[in-house]
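A.B. asks: Below you'll find work02.txt; it's compact mmCIF, C-alpha atoms.
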```
# COMPACT_ATOMS: atom_id res chain seq x y z
CA MET A 1 0.00 0.00 0.00
CA HIS A 2 1.46 3.37 -1.08
CA THR A 3 0.70 6.38 1.11
CA GLU A 4 2.11 9.86 1.70
CA ASP A 5 3.80 8.45 4.81
CA GLY A 6 5.52 5.63 2.91
CA ASP A 7 4.87 2.07 1.80
CA PHE A 8 3.12 -0.43 4.05
CA LEU A 9 2.24 -4.10 3.81
CA LEU A 10 -1.44 -4.73 4.54
CA VAL A 11 -2.18 -7.93 6.45
CA LEU A 12 -5.90 -8.66 6.12
CA GLU A 13 -7.48 -11.03 8.63
CA SER A 14 -11.15 -12.09 8.51
CA GLN A 15 -12.13 -13.02 12.06
CA GLY A 16 -15.39 -14.85 12.68
CA LYS A 17 -15.14 -15.07 16.48
CA LYS A 18 -12.82 -14.47 19.41
CA ASP A 19 -9.72 -16.66 19.34
CA GLU A 20 -7.17 -16.00 22.07
CA ARG A 21 -4.53 -17.93 20.13
CA LYS A 22 -4.39 -15.06 17.65
CA ARG A 23 -2.97 -12.81 20.35
CA GLY A 24 0.16 -14.94 20.11
CA SER A 25 0.19 -15.68 16.39
CA TRP A 26 -0.51 -12.14 15.10
CA PRO A 27 2.71 -10.65 16.55
CA TYR A 28 4.68 -13.55 15.08
CA TYR A 29 3.13 -13.10 11.63
CA LEU A 30 3.82 -9.36 11.61
CA SER A 31 7.43 -9.85 12.71
CA TYR A 32 7.94 -12.57 10.13
CA LEU A 33 6.54 -10.46 7.29
CA TYR A 34 8.65 -7.46 8.28
CA GLU A 35 11.79 -9.56 8.38
CA LYS A 36 11.02 -11.10 4.99
CA TYR A 37 9.90 -8.02 3.06
CA ARG A 38 11.45 -5.15 5.09
CA CYS A 39 8.17 -3.28 4.75
CA GLU A 40 6.18 -2.24 7.81
CA PRO A 41 3.08 -4.46 8.12
CA VAL A 42 -0.34 -3.14 9.16
CA LEU A 43 -2.75 -5.71 10.60
CA VAL A 44 -6.36 -5.11 9.53
CA VAL A 45 -8.94 -7.34 11.24
CA MET A 46 -12.37 -7.54 9.60
CA THR A 47 -15.35 -9.04 11.40
CA GLN A 48 -19.14 -9.15 11.31
CA SER A 49 -19.38 -9.25 15.11
CA SER A 50 -19.33 -6.15 17.29
CA SER A 51 -18.09 -8.11 20.29
CA THR A 52 -15.31 -9.71 18.23
CA ALA A 53 -14.36 -6.26 16.96
CA ARG A 54 -14.01 -4.96 20.52
CA TRP A 55 -11.90 -7.98 21.46
CA ALA A 56 -9.63 -7.64 18.42
CA ALA A 57 -9.11 -3.91 19.05
CA GLU A 58 -7.53 -4.53 22.45
CA PRO A 59 -3.76 -3.87 22.19
CA ILE A 60 -1.51 -6.91 22.54
CA ARG A 61 1.32 -6.02 24.90
CA PHE A 62 4.40 -7.97 25.91
CA GLY A 63 6.86 -6.82 28.55
CA LEU A 64 6.90 -5.14 31.93
CA PRO A 65 3.91 -3.15 33.19
CA GLY A 66 4.33 0.37 31.90
CA TRP A 67 7.31 -0.68 29.75
CA SER A 68 6.13 -2.78 26.84
CA SER A 69 8.75 -4.51 24.71
CA LEU A 70 6.20 -5.15 21.96
CA VAL A 71 2.77 -3.68 21.28
CA VAL A 72 0.43 -4.81 18.48
CA ARG A 73 -2.63 -2.66 17.77
CA PRO A 74 -4.79 -4.14 15.01
CA MET A 75 -6.84 -1.84 12.84
CA VAL A 76 -10.33 -3.27 13.30
CA LEU A 77 -13.20 -2.94 10.83
CA GLY A 78 -16.53 -4.23 12.10
CA PRO A 79 -20.23 -3.52 11.67
CA ASP A 80 -19.97 -0.48 13.93
CA GLN A 81 -17.10 1.06 11.96
CA VAL A 82 -18.29 0.44 8.37
CA PRO A 83 -21.59 1.68 6.90
CA VAL A 84 -24.04 -0.58 5.09
CA ILE A 85 -23.91 0.24 1.37
CA THR A 86 -26.92 -0.94 -0.62
CA ASP A 87 -27.15 1.89 -3.16
CA GLU A 88 -25.39 1.22 -6.45
CA LYS A 89 -24.37 4.88 -6.85
CA ASP A 90 -22.69 4.83 -3.45
CA ALA A 91 -20.93 1.57 -4.34
CA VAL A 92 -19.69 3.03 -7.64
CA ARG A 93 -18.49 6.17 -5.85
CA ASP A 94 -16.34 4.14 -3.45
CA PRO A 95 -15.93 0.47 -4.47
CA SER A 96 -13.35 -0.20 -1.75
CA LEU A 97 -15.74 0.93 0.97
CA ALA A 98 -18.48 -1.17 -0.64
CA VAL A 99 -16.17 -4.20 -0.38
CA LEU A 100 -15.64 -3.56 3.33
CA SER A 101 -19.40 -3.15 3.74
CA ALA A 102 -19.94 -6.57 2.17
CA ILE A 103 -17.35 -8.23 4.39
CA THR A 104 -18.53 -6.67 7.65
CA HIS A 105 -22.29 -6.84 7.01
CA GLY A 106 -22.48 -9.73 4.51
CA ARG A 107 -24.78 -12.18 6.20
CA GLY A 108 -28.47 -12.87 6.69
CA PRO A 109 -31.40 -12.46 4.32
CA GLY A 110 -30.45 -8.89 3.33
CA VAL A 111 -26.99 -9.76 2.01
CA ALA A 112 -28.09 -9.68 -1.65
CA ALA A 113 -28.95 -5.99 -1.26
CA ILE A 114 -25.26 -5.36 -0.44
CA LEU A 115 -23.60 -7.77 -2.86
CA GLY A 116 -25.70 -6.87 -5.90
CA PRO A 117 -24.71 -3.18 -6.00
CA LEU A 118 -21.10 -4.14 -5.25
CA ALA A 119 -20.96 -6.51 -8.21
CA ALA A 120 -22.30 -3.75 -10.46
CA ALA A 121 -19.76 -1.27 -9.06
CA LEU A 122 -16.84 -3.58 -9.84
CA GLU A 123 -17.78 -3.45 -13.51
CA THR A 124 -16.95 0.27 -13.50
CA VAL A 125 -13.33 -0.08 -12.35
CA ASP A 126 -10.30 -1.45 -14.21
CA PRO A 127 -10.14 -5.25 -14.44
CA ALA A 128 -7.01 -5.60 -12.31
CA SER A 129 -8.52 -3.63 -9.42
CA ALA A 130 -11.85 -5.40 -9.85
CA ALA A 131 -10.13 -8.78 -9.66
CA LEU A 132 -8.33 -7.82 -6.46
CA LEU A 133 -11.47 -6.45 -4.80
CA ALA A 134 -13.58 -9.41 -5.90
CA GLN A 135 -11.04 -11.84 -4.48
CA LEU A 136 -10.99 -9.90 -1.21
CA VAL A 137 -14.76 -10.30 -0.92
CA THR A 138 -14.48 -14.02 -1.71
CA SER A 139 -11.91 -14.46 1.06
CA GLY A 140 -13.68 -12.22 3.58
CA LEU A 141 -17.23 -13.57 3.45
CA VAL A 142 -17.94 -16.14 6.18
CA ASP A 143 -21.67 -16.71 5.75
CA SER A 144 -22.46 -19.68 3.48
CA GLN A 145 -25.49 -18.00 1.93
CA ALA A 146 -23.45 -14.89 1.18
CA LYS A 147 -20.68 -16.96 -0.40
CA GLU A 148 -23.19 -18.69 -2.68
CA ILE A 149 -24.78 -15.41 -3.76
CA TRP A 150 -21.37 -13.91 -4.47
CA ARG A 151 -20.33 -16.93 -6.55
CA ASP A 152 -23.49 -16.59 -8.62
CA LEU A 153 -22.87 -12.87 -9.14
CA MET A 154 -19.27 -13.46 -10.19
CA ALA A 155 -19.94 -16.50 -12.41
CA PRO A 156 -20.50 -14.52 -15.65
CA VAL A 157 -17.60 -12.12 -14.99
CA LYS A 158 -14.28 -13.01 -16.62
CA TYR A 159 -11.95 -11.46 -14.09
CA PHE A 160 -8.35 -12.60 -14.13
CA TYR A 161 -8.65 -14.06 -10.65
CA GLN A 162 -11.03 -16.70 -12.02
CA ASN A 163 -8.44 -17.94 -14.49
CA PRO A 164 -7.26 -21.46 -13.44
CA VAL A 165 -3.62 -20.60 -14.13
CA ALA A 166 -3.89 -17.47 -12.00
CA ASP A 167 -5.55 -19.47 -9.25
CA GLN A 168 -2.74 -22.01 -9.34
CA LEU A 169 0.00 -19.38 -9.21
CA ARG A 170 -1.68 -17.54 -6.36
CA ASP A 171 -2.22 -20.73 -4.37
CA GLU A 172 1.38 -21.81 -4.89
CA GLY A 173 2.57 -18.44 -3.58
CA ARG A 174 0.36 -18.71 -0.50
CA ILE A 175 1.53 -22.24 0.20
CA GLN A 176 5.18 -21.27 -0.06
CA ASP A 177 4.70 -18.27 2.23
CA ARG A 178 2.93 -20.42 4.82
CA VAL A 179 5.66 -23.09 4.67
CA GLU A 180 8.37 -20.47 5.21
CA MET A 181 6.37 -18.82 7.98
CA THR A 182 5.86 -22.10 9.88
CA LEU A 183 9.55 -23.00 9.81
CA ARG A 184 10.70 -19.45 10.51
CA ILE A 185 8.49 -19.16 13.60
CA LEU A 186 10.13 -22.26 15.05
CA GLU A 187 13.59 -20.91 14.24
CA LEU A 188 12.84 -17.52 15.81
CA ARG A 189 11.74 -19.32 18.95
CA GLY A 190 15.08 -21.12 19.09
CA ILE A 191 13.58 -24.53 18.34
CA GLN A 192 15.76 -26.83 16.24
CA VAL A 193 13.85 -28.32 13.33
CA SER A 194 14.82 -31.82 12.24
CA ASP A 195 15.15 -32.71 8.56
CA SER A 196 12.12 -34.99 8.76
CA VAL A 197 9.88 -32.23 10.14
CA ARG A 198 11.24 -29.69 7.62
CA LEU A 199 10.64 -32.04 4.68
CA ARG A 200 7.11 -32.86 5.82
CA VAL A 201 6.19 -29.18 6.11
CA GLN A 202 7.80 -28.36 2.75
CA ALA A 203 6.01 -31.26 1.06
CA CYS A 204 2.55 -30.15 2.22
CA THR A 205 0.36 -28.48 -0.41
CA ASP A 206 -2.79 -28.18 1.72
CA LEU A 207 -3.10 -24.50 2.64
CA ASP A 208 -5.59 -25.15 5.43
CA GLN A 209 -3.28 -27.73 6.98
CA LEU A 210 -0.31 -25.39 6.72
CA LYS A 211 -2.30 -22.67 8.44
CA ILE A 212 -3.00 -25.04 11.36
CA TRP A 213 0.68 -25.96 11.58
CA SER A 214 1.81 -22.32 11.52
CA GLU A 215 -0.54 -21.51 14.39
CA ARG A 216 0.73 -24.49 16.38
CA ALA A 217 4.32 -23.34 15.72
CA VAL A 218 3.66 -20.42 18.06
CA ARG A 219 3.01 -22.78 21.00
CA VAL A 220 4.80 -26.12 20.57
CA THR A 221 8.09 -26.95 22.27
CA ASP A 222 8.77 -30.03 20.14
CA PRO A 223 8.54 -29.56 16.33
CA ALA A 224 6.94 -33.01 16.02
CA ASP A 225 3.95 -31.64 17.93
CA LEU A 226 3.06 -29.62 14.83
CA PHE A 227 1.44 -32.77 13.52
CA THR A 228 -0.40 -33.65 16.74
CA PRO A 229 -4.00 -32.41 17.00
CA ASP A 230 -4.57 -29.84 19.74
CA GLN A 231 -6.03 -31.34 22.89
CA PRO A 232 -9.39 -29.90 24.03
CA GLU A 233 -9.11 -27.53 26.96
```
Let me see whether you can do it: turn the structure in this file into structure tokens.
C.D. replies:
Amino acid sequence: MHTEDGDFLLVLESQGKKDERKRGSWPYYLSYLYEKYRCEPVLVVMTQSSSTARWAAEPIRFGLPGWSSLVVRPMVLGPDQVPVITDEKDAVRDPSLAVLSAITHGRGPGVAAILGPLAAALETVDPASAALLAQLVTSGLVDSQAKEIWRDLMAPVKYFYQNPVADQLRDEGRIQDRVEMTLRILELRGIQVSDSVRLRVQACTDLDQLKIWSERAVRVTDPADLFTPDQPE
């Protein structure tokens, strides 16, 4: 993201509910991304729940009382921070805000009134931007009904992001980033990773599985525990 204050790396997180594990994994992800890209990351948490928004907005502090060694303050966008946009003219005027409206309010029987104008608005912007915004909506929607409506709206649109080759390249990039992140988290924590564990992580092509492993990497003391299901509390 280019701004008058410099370049920043946006880290977008769609959060369905409170998850205290994120208060440990978010700082790791931000540190990892800064070390890799040398660009200051900005964590943006998007949610459809007001209570989850309040939880996510609480600063994450590590260190002595009154002398924090590390502070993470997510930028939170929830239903109380983003307006509902159902008018096509408003969506065309600010497609990015319309995208955030869909992600933070996109559930329930009235979701079509938000997604319909947004789909029309994306037809008025350049294809590259439209593809990026459409993919952001696809990733950010959590309601099954909303996802189905959005798929139907996007079906006739030939955006680049729907191209199978583009999908493959994007997925490969995400997988590689998650593999590197999982192993790097362990290394930053001073945990020695055996060749067998490293090869198993590098061989995985399941993005959901890699996400689980990267979150476990924040907590485990033995790298082999990456592959052990979390025990219920």
A.B. asks: Pick from A:Leu136, A:Leu64, A:Cys39, A:Pro74: nearest to His2 of chain A, with only C-alpha atoms counted?
C.D. replies: A:Cys39
A.B. asks: Select all residues near (-22.4, -4.7, 18.9) (cut-off 8 Å, inclusive, file coordinates), counting only C-alpha atoms, and output them as a list in words.
C.D. replies: Ser49, Ser50, Ser51, Pro79 and Asp80 of chain A
A.B. asks: When you count only C-alpha atoms, which of these residues is closest to Glu123 of chain A: A:Val111, A:Ile60, A:Leu97, A:Leu153?
C.D. replies: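 For Glu123 of chain A, the nearest of the given residues is A:Leu153.
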A.B. asks: Quick one: axis-aligned box around all listed atoms of segment 215-223 of chain A, 8 Å on every side, centre and edge lengths in Å to one decimal, written as AutoDock Vina command-line options.
C.D. replies:
```
--center_x 4.1 --center_y -25.2 --center_z 18.3 --size_x 25.3 --size_y 25.6 --size_z 23.9
```
A.B. asks: Here is a test: counting all atoms listed in the file, which residue of A:Cys204, A:Ala224, A:Val72, A:Val157 is nearest to Ala119 of chain A?
C.D. replies: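 Closest residue, counting all atoms listed in the file: A:Val157.
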A.B. asks: What does the distance between atom CA of Lys22 of chain A and atom CA of Ser69 of chain A come to in Å, to one decimal place?
C.D. replies: 18.3 Å
A.B. asks: Go ahead and compute the interatomic distance for atom CA of Arg174 of chain A and atom CA of Leu100 of chain A, in Å to one decimal.
C.D. replies: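 Atom CA of Leu100 of chain A lies 22.4 Å from atom CA of Arg174 of chain A.
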A.B. asks: What is the distance between atom CA of Ile103 of chain A and atom CA of Val142 of chain A, in Å to one decimal?
C.D. replies: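 About the pair atom CA of Ile103 of chain A and atom CA of Val142 of chain A: they are 8.1 Å apart.
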A.B. asks: So, with only C-alpha atoms as the atoms that count, which of A:Arg38, A:Arg198, A:Arg93, A:Arg189 lies closest to Val218 of chain A?
C.D. replies: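 With only C-alpha atoms as the atom set, the closest residue is A:Arg189.
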A.B. asks: Taking into account all atoms listed in the file, which residue in the set A:Leu199, A:Ser25, A:Leu188, A:Leu70 is nearest to Lys211 of chain A?
C.D. replies: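 Of all the options, A:Ser25 lies closest to Lys211 of chain A.
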A.B. asks: Taking only C-alpha atoms into account, which of A:Val137, A:Ala121, A:Leu183, A:Ala131 comes nearest Ala102 of chain A?
C.D. replies: A:Val137
A.B. asks: List as a PyMOL selection string: which residues have an atom within 9 Å of (-4.1, -5.6, 11.1), counting only C-alpha atoms?
C.D. replies: chain A and resi 10-13+26+30+41-46+72-76
A.B. asks: Generate the output file for the selected residues, C-alpha atoms, as a tab-separated table (two decimals), in the frame of the given file.
C.D. replies:
```tsv
chain	number	residue	atom	x	y	z
A	10	LEU	CA	-1.44	-4.73	4.54
A	11	VAL	CA	-2.18	-7.93	6.45
A	12	LEU	CA	-5.90	-8.66	6.12
A	13	GLU	CA	-7.48	-11.03	8.63
A	26	TRP	CA	-0.51	-12.14	15.10
A	30	LEU	CA	3.82	-9.36	11.61
A	41	PRO	CA	3.08	-4.46	8.12
A	42	VAL	CA	-0.34	-3.14	9.16
A	43	LEU	CA	-2.75	-5.71	10.60
A	44	VAL	CA	-6.36	-5.11	9.53
A	45	VAL	CA	-8.94	-7.34	11.24
A	46	MET	CA	-12.37	-7.54	9.60
A	72	VAL	CA	0.43	-4.81	18.48
A	73	ARG	CA	-2.63	-2.66	17.77
A	74	PRO	CA	-4.79	-4.14	15.01
A	75	MET	CA	-6.84	-1.84	12.84
A	76	VAL	CA	-10.33	-3.27	13.30
```
A.B. asks: Which polymer residues have any atom within 9 Å of an atom of Gln48 of chain A, counting all atoms listed in the file, with same-chain residues fewer than 6 positions away left out, as a list in words?
C.D. replies: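 The neighbour list is Ser14, Gln15, Gly16, Lys17, Leu77, Gly78, Pro79, Ile103, Thr104, His105, Gly106, Arg107 and Val142 of chain A.
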